[in-house]
$ cat entry36.txt   # compact mmCIF, C-alpha atoms and all ligand atoms
# COMPACT_ATOMS: atom_id res chain seq x y z
CA MET A 12 -31.05 -70.06 47.56
CA SER A 13 -30.91 -69.28 51.26
CA GLY A 14 -28.28 -68.28 53.77
CA ALA A 15 -26.88 -64.97 54.94
CA ALA A 16 -26.33 -62.24 52.37
CA ARG A 17 -22.71 -61.53 51.56
CA GLY A 18 -21.29 -58.31 52.95
CA ALA A 19 -20.55 -55.48 50.55
CA PHE A 20 -18.37 -52.41 50.80
CA ILE A 21 -19.64 -49.25 49.07
CA SER A 22 -18.03 -45.80 49.02
CA PHE A 23 -19.26 -42.37 47.94
CA GLU A 24 -16.75 -39.96 46.47
CA GLY A 25 -16.86 -36.62 44.70
CA ILE A 26 -16.19 -32.92 45.20
CA ASP A 27 -17.41 -30.92 48.18
CA GLY A 28 -21.14 -30.31 48.05
CA SER A 29 -21.80 -32.89 45.31
CA GLY A 30 -24.29 -34.76 47.50
CA LYS A 31 -22.23 -37.65 48.87
CA SER A 32 -23.63 -37.48 52.43
CA THR A 33 -27.19 -37.00 51.20
CA GLN A 34 -26.97 -39.94 48.82
CA ALA A 35 -25.09 -42.24 51.22
CA ARG A 36 -27.93 -41.73 53.71
CA ARG A 37 -30.57 -42.33 51.04
CA LEU A 38 -28.92 -45.58 49.89
CA ALA A 39 -28.58 -46.78 53.49
CA ASP A 40 -32.30 -46.13 54.11
CA HIS A 41 -33.23 -47.83 50.84
CA LEU A 42 -31.19 -50.97 51.53
CA ARG A 43 -32.45 -51.19 55.12
CA ALA A 44 -36.02 -51.00 53.82
CA SER A 45 -35.22 -53.94 51.56
CA GLY A 46 -34.02 -55.94 54.57
CA ARG A 47 -30.26 -55.48 54.42
CA ASP A 48 -28.21 -54.85 57.54
CA VAL A 49 -26.37 -51.58 56.79
CA VAL A 50 -23.57 -49.71 58.54
CA LEU A 51 -23.41 -46.08 57.38
CA THR A 52 -20.07 -44.53 58.15
CA ARG A 53 -17.76 -41.72 57.00
CA GLU A 54 -14.19 -40.59 56.59
CA PRO A 55 -12.18 -39.17 58.06
CA GLY A 56 -13.75 -40.84 61.09
CA GLY A 57 -16.12 -43.77 61.40
CA SER A 58 -14.66 -45.12 64.65
CA PRO A 59 -14.01 -43.31 67.96
CA GLY A 60 -10.26 -43.04 67.40
CA ALA A 61 -10.66 -41.95 63.80
CA GLU A 62 -13.23 -39.31 64.83
CA ASP A 63 -10.58 -37.87 67.18
CA ILE A 64 -8.17 -37.68 64.22
CA ARG A 65 -10.97 -36.09 62.13
CA ARG A 66 -10.91 -33.05 64.38
CA LEU A 67 -7.14 -32.75 63.94
CA VAL A 68 -7.32 -32.80 60.15
CA LEU A 69 -10.52 -30.83 59.44
CA GLU A 70 -10.33 -27.97 61.92
CA GLY A 71 -7.90 -25.11 62.24
CA ASP A 72 -5.39 -23.30 60.06
CA PRO A 73 -5.17 -24.61 56.47
CA ASP A 74 -1.37 -24.73 56.91
CA ARG A 75 -1.59 -26.62 60.17
CA TRP A 76 -0.03 -29.83 58.76
CA SER A 77 2.52 -30.56 56.08
CA ALA A 78 1.17 -32.61 53.18
CA GLU A 79 3.13 -35.66 54.38
CA THR A 80 1.89 -35.41 57.98
CA GLU A 81 -1.64 -35.03 56.70
CA ILE A 82 -1.35 -38.23 54.64
CA LEU A 83 -0.13 -40.09 57.73
CA LEU A 84 -3.04 -38.76 59.81
CA PHE A 85 -5.62 -39.74 57.17
CA THR A 86 -4.06 -43.18 56.82
CA ALA A 87 -3.98 -43.67 60.60
CA ALA A 88 -7.64 -42.71 60.80
CA ARG A 89 -8.49 -45.08 57.91
CA ARG A 90 -6.62 -47.96 59.55
CA ASP A 91 -8.61 -47.53 62.78
CA HIS A 92 -11.86 -47.23 60.81
CA LEU A 93 -11.02 -50.44 58.94
CA GLU A 94 -10.11 -52.39 62.09
CA LYS A 95 -12.92 -51.21 64.34
CA THR A 96 -15.85 -50.61 61.99
CA ILE A 97 -15.48 -51.82 58.39
CA ARG A 98 -13.94 -55.29 58.76
CA PRO A 99 -16.19 -56.44 61.62
CA ALA A 100 -19.31 -55.33 59.74
CA LEU A 101 -18.28 -57.03 56.49
CA ALA A 102 -17.40 -60.21 58.41
CA ALA A 103 -20.94 -60.17 59.85
CA GLY A 104 -22.40 -59.99 56.32
CA LYS A 105 -23.45 -56.34 56.54
CA VAL A 106 -23.39 -53.72 53.83
CA VAL A 107 -20.91 -50.97 54.71
CA ILE A 108 -21.55 -47.59 53.10
CA THR A 109 -18.81 -45.05 53.66
CA ASP A 110 -19.03 -41.34 52.90
CA ARG A 111 -15.48 -40.99 51.39
CA PHE A 112 -12.63 -43.50 51.51
CA ALA A 113 -9.12 -43.78 50.04
CA ASP A 114 -9.98 -42.11 46.72
CA SER A 115 -10.43 -38.81 48.58
CA THR A 116 -6.90 -39.11 49.99
CA ARG A 117 -5.52 -40.05 46.55
CA LEU A 118 -6.89 -36.73 45.30
CA TYR A 119 -6.93 -34.23 48.14
CA GLN A 120 -3.68 -35.30 49.77
CA GLY A 121 -2.17 -36.83 46.62
CA ILE A 122 -2.27 -33.80 44.35
CA THR A 123 -3.15 -30.56 46.17
CA ARG A 124 0.34 -29.80 47.43
CA GLY A 125 2.74 -31.44 45.00
CA ASP A 126 2.59 -34.87 43.45
CA LEU A 127 2.27 -37.19 46.44
CA ARG A 128 -0.01 -39.76 44.84
CA GLY A 129 2.81 -42.36 44.92
CA VAL A 130 3.23 -41.84 48.67
CA VAL A 131 -0.51 -42.17 49.24
CA ASP A 132 -0.64 -45.39 47.19
CA ARG A 133 2.37 -46.96 48.92
CA LEU A 134 0.98 -46.21 52.37
CA HIS A 135 -2.41 -47.52 51.26
CA SER A 136 -1.04 -50.86 50.10
CA LEU A 137 1.08 -51.16 53.24
CA MET A 138 -1.55 -50.25 55.84
CA ILE A 139 -5.03 -50.53 54.28
CA GLY A 140 -4.90 -52.92 51.33
CA VAL A 141 -8.61 -52.99 50.50
CA GLU A 142 -10.79 -51.15 48.02
CA PRO A 143 -14.58 -50.85 48.01
CA ASP A 144 -16.56 -53.33 45.90
CA LEU A 145 -18.44 -50.36 44.46
CA THR A 146 -17.62 -46.63 44.42
CA PHE A 147 -20.16 -43.98 43.45
CA ILE A 148 -18.42 -40.87 42.10
CA VAL A 149 -21.03 -38.14 42.44
CA ASP A 150 -20.15 -35.67 39.70
CA MET A 151 -21.25 -32.09 39.29
CA ASP A 152 -20.28 -28.59 38.26
CA PRO A 153 -17.55 -27.37 40.69
CA ALA A 154 -19.05 -23.89 41.20
CA GLU A 155 -22.46 -25.35 42.07
CA GLY A 156 -20.84 -27.87 44.44
CA LEU A 157 -18.91 -25.12 46.19
CA ARG A 158 -22.05 -23.00 46.47
CA ARG A 159 -23.90 -25.92 48.10
CA ALA A 160 -20.99 -26.73 50.42
CA LEU A 161 -20.52 -23.13 51.57
CA ALA A 162 -24.27 -22.77 52.19
CA ARG A 163 -24.04 -25.28 55.01
CA ARG A 164 -20.53 -24.45 56.07
CA GLY A 165 -19.52 -25.14 59.70
CA ALA A 166 -16.35 -25.46 61.77
CA GLU A 167 -14.88 -28.11 59.45
CA GLU A 168 -13.75 -25.68 56.80
CA ARG A 169 -10.03 -26.37 56.63
CA PHE A 170 -10.21 -27.76 53.09
CA GLU A 171 -13.23 -25.90 51.74
CA SER A 172 -11.37 -22.65 52.31
CA PHE A 173 -8.98 -23.73 49.54
CA GLY A 174 -11.57 -22.44 47.01
CA GLU A 175 -13.03 -22.98 43.57
CA ALA A 176 -9.82 -23.60 41.56
CA LEU A 177 -9.27 -26.64 43.77
CA GLN A 178 -12.84 -27.83 43.17
CA VAL A 179 -12.22 -27.74 39.42
CA ARG A 180 -9.04 -29.82 39.74
CA MET A 181 -10.75 -32.24 42.10
CA ARG A 182 -13.64 -32.82 39.75
CA ASP A 183 -11.23 -33.69 36.94
CA GLY A 184 -9.29 -35.85 39.38
CA PHE A 185 -12.36 -37.85 40.43
CA LEU A 186 -13.29 -38.46 36.79
CA ALA A 187 -9.72 -39.63 36.12
CA LEU A 188 -9.93 -42.01 39.10
CA ALA A 189 -13.18 -43.42 37.72
CA ALA A 190 -11.33 -44.15 34.47
CA GLU A 191 -8.40 -45.65 36.39
CA PHE A 192 -10.64 -48.03 38.39
CA PRO A 193 -13.51 -48.81 36.01
CA ALA A 194 -14.39 -52.14 37.64
CA ARG A 195 -15.54 -50.55 40.90
CA CYS A 196 -16.31 -46.91 40.00
CA VAL A 197 -19.62 -45.64 38.65
CA VAL A 198 -19.96 -41.93 37.81
CA ILE A 199 -23.33 -40.49 38.80
CA ASP A 200 -24.65 -37.13 37.57
CA GLY A 201 -25.29 -35.28 40.84
CA ALA A 202 -26.82 -32.18 39.23
CA ARG A 203 -30.35 -33.62 39.32
CA SER A 204 -32.96 -33.79 42.07
CA VAL A 205 -32.06 -35.74 45.21
CA GLU A 206 -34.78 -38.30 44.34
CA THR A 207 -33.59 -38.84 40.76
CA VAL A 208 -29.98 -39.30 41.83
CA ALA A 209 -31.04 -41.67 44.62
CA ALA A 210 -33.08 -43.82 42.22
CA ASP A 211 -30.15 -44.05 39.82
CA ILE A 212 -27.81 -45.11 42.64
CA ALA A 213 -30.29 -47.63 44.06
CA ALA A 214 -30.60 -49.29 40.64
CA VAL A 215 -26.84 -49.63 40.24
CA ALA A 216 -26.48 -50.96 43.81
CA ALA A 217 -29.22 -53.52 43.26
CA ARG A 218 -27.44 -54.86 40.17
CA ARG A 219 -24.07 -55.01 41.91
CA LEU A 220 -25.33 -56.57 45.15
CA ALA A 221 -27.35 -59.24 43.35
N1 LIG A 301 -29.48 -33.25 44.28
C1 LIG A 301 -29.43 -32.14 45.04
N2 LIG A 301 -30.03 -31.02 44.66
C2 LIG A 301 -29.99 -29.89 45.40
N3 LIG A 301 -29.35 -29.81 46.60
C3 LIG A 301 -28.73 -30.89 47.06
C4 LIG A 301 -28.72 -32.12 46.30
N4 LIG A 301 -28.01 -33.03 47.00
C5 LIG A 301 -27.59 -32.41 48.11
N5 LIG A 301 -28.03 -31.14 48.16
C6 LIG A 301 -27.75 -30.13 49.21
O1 LIG A 301 -26.45 -29.63 48.97
C7 LIG A 301 -25.70 -29.54 50.20
C8 LIG A 301 -24.50 -30.47 50.11
O2 LIG A 301 -24.95 -31.83 50.07
P1 LIG A 301 -24.14 -32.96 50.84
O3 LIG A 301 -23.83 -32.51 52.21
O4 LIG A 301 -24.88 -34.23 50.67
O5 LIG A 301 -22.81 -32.97 49.94
P2 LIG A 301 -21.42 -33.65 50.26
O6 LIG A 301 -20.93 -34.15 48.95
O7 LIG A 301 -21.55 -34.61 51.35
O8 LIG A 301 -20.56 -32.38 50.70
P3 LIG A 301 -19.17 -32.36 51.56
O9 LIG A 301 -18.11 -32.91 50.67
O10 LIG A 301 -18.94 -30.91 51.81
O11 LIG A 301 -19.42 -33.18 52.78
C9 LIG A 301 -26.67 -29.92 51.30
O12 LIG A 301 -27.22 -28.75 51.84
C10 LIG A 301 -27.72 -30.76 50.60
O13 LIG A 301 -28.98 -30.67 51.23
MG MG A 302 -20.64 -34.67 53.21
$ encode --input "entry36.txt" --output "structure tokens" --more "lines below"
Ligand SMILES: Nc1ncnc2c1ncn2[C@@H]1O[C@H](COP(=O)(O)OP(=O)(O)OP(=O)(O)O)[C@@H](O)[C@H]1O
Ligand SMILES: [Mg+2]
Amino acid sequence: MSGAARGAFISFEGIDGSGKSTQARRLADHLRASGRDVVLTREPGGSPGAEDIRRLVLEGDPDRWSAETEILLFTAARRDHLEKTIRPALAAGKVVITDRFADSTRLYQGITRGDLRGVVDRLHSLMIGVEPDLTFIVDMDPAEGLRRALARRGAEERFESFGEALQVRMRDGFLALAAEFPARCVVIDGARSVETVAADIAAVAARRLA
């Protein structure tokens, strides 16, 4: 068989500090080494307009936005990311790897301040309408994740300052999402060495991209 490889859309999800960014980078490097054209991107952000919105949602007072306004901002950023970065790359046959996507909004904006999951889902189907082909849920102990995240803490601390109780709920929430979307979600044990986790993820990706 010859011809251009089909594009593929892969997301990394999981609690703060679980290793999403580390593993997204590792998978991008691995796939590039095997000859794939890869776009590594992240949310919120991933396009110039969405990166502007990133600063609005990640920096400042934790009470800066109402839950509803925050959902609109995240969805606006995602729409721009989709239009400017994700769709063009997939159309060109590239592999798109995103560090967080809609599952993060389903959890962080959907359940942290009241039950707004229905609002998140309605806006998603109205304005986004796509899911990744494959989602890696990097799972680990919430206290360890928080410890890792705080160790490299910077200006973008608006959500991390919500604390460990939130991490516990989010971990359960990500596992529930994996059960809700079993066709695309694969839970990965993130409490192992970077190399071991990366090898596990590369093996799953190879099977799914074949
Ligand atoms: N398997 C691992 N073992 C030990 N440390 C790790 C592992 N994976 C990542 N780390 C370290 O833990 C910290 C958090 O990792 P990383 O930034 O990849 O997590 P993240 O899920 O992207 O976090 P956030 O949600 O806050 O962006 C980093 O300092 C990273 O070097
Ligand atoms: Mg990260």
$ closest_atom_pairs --input "entry36.txt" --of "chain A" --to "ligand LIG 301 (chain A)" --cutoff "6 Å" --atoms "all atoms listed in the file" --output "Markdown table"
| residue | atom | partner | partner_atom | distance |
| --- | --- | --- | --- | --- |
| A:Ile26 | CA | A:LIG301 | O9 | 5.8 |
| A:Asp27 | CA | A:LIG301 | O9 | 3.3 |
| A:Gly28 | CA | A:LIG301 | O8 | 3.4 |
| A:Ser29 | CA | A:LIG301 | O6 | 3.9 |
| A:Gly30 | CA | A:LIG301 | O4 | 3.3 |
| A:Lys31 | CA | A:LIG301 | O6 | 3.7 |
| A:Ser32 | CA | A:LIG301 | O7 | 3.7 |
| A:Thr33 | CA | A:LIG301 | O4 | 3.6 |
| A:Arg159 | CA | A:LIG301 | C7 | 4.6 |
| A:Ala160 | CA | A:LIG301 | O10 | 4.9 |
| A:Arg163 | CA | A:LIG301 | O12 | 5.7 |
| A:Gly201 | CA | A:LIG301 | N1 | 5.8 |
| A:Ala202 | CA | A:LIG301 | N1 | 5.8 |
| A:Arg203 | CA | A:LIG301 | N1 | 5.0 |
| A:Ser204 | CA | A:LIG301 | N1 | 4.2 |
| A:Val205 | CA | A:LIG301 | N1 | 3.7 |
$ atom_distance --input "entry36.txt" --atom1 "atom CA of Leu51 of chain A" --atom2 "atom CA of Val106 of chain A"
8.4 Å
$ closest_residue --input "entry36.txt" --among "A:Ala176, A:Leu83, A:Leu161, A:Ala221" --to "Gln120 of chain A" --atoms "all atoms listed in the file"
A:Leu83
$ residues_around --input "entry36.txt" --residues "Arg117 of chain A" --least-positions-apart "2" --cutoff "10 Å" --atoms "all atoms listed in the file" --output "list in words"
Ile82, Phe112, Ala113, Asp114, Ser115, Tyr119, Gln120, Gly121, Ile122, Thr123, Leu127, Arg128, Gly129, Val130, Val131, Asp132, His135, Gly184, Phe185 and Leu188 of chain A
$ residues_around --input "entry36.txt" --residues "Pro55 of chain A" --least-positions-apart "6" --cutoff "9 Å" --atoms "only C-alpha atoms" --output "count of residues only"
14
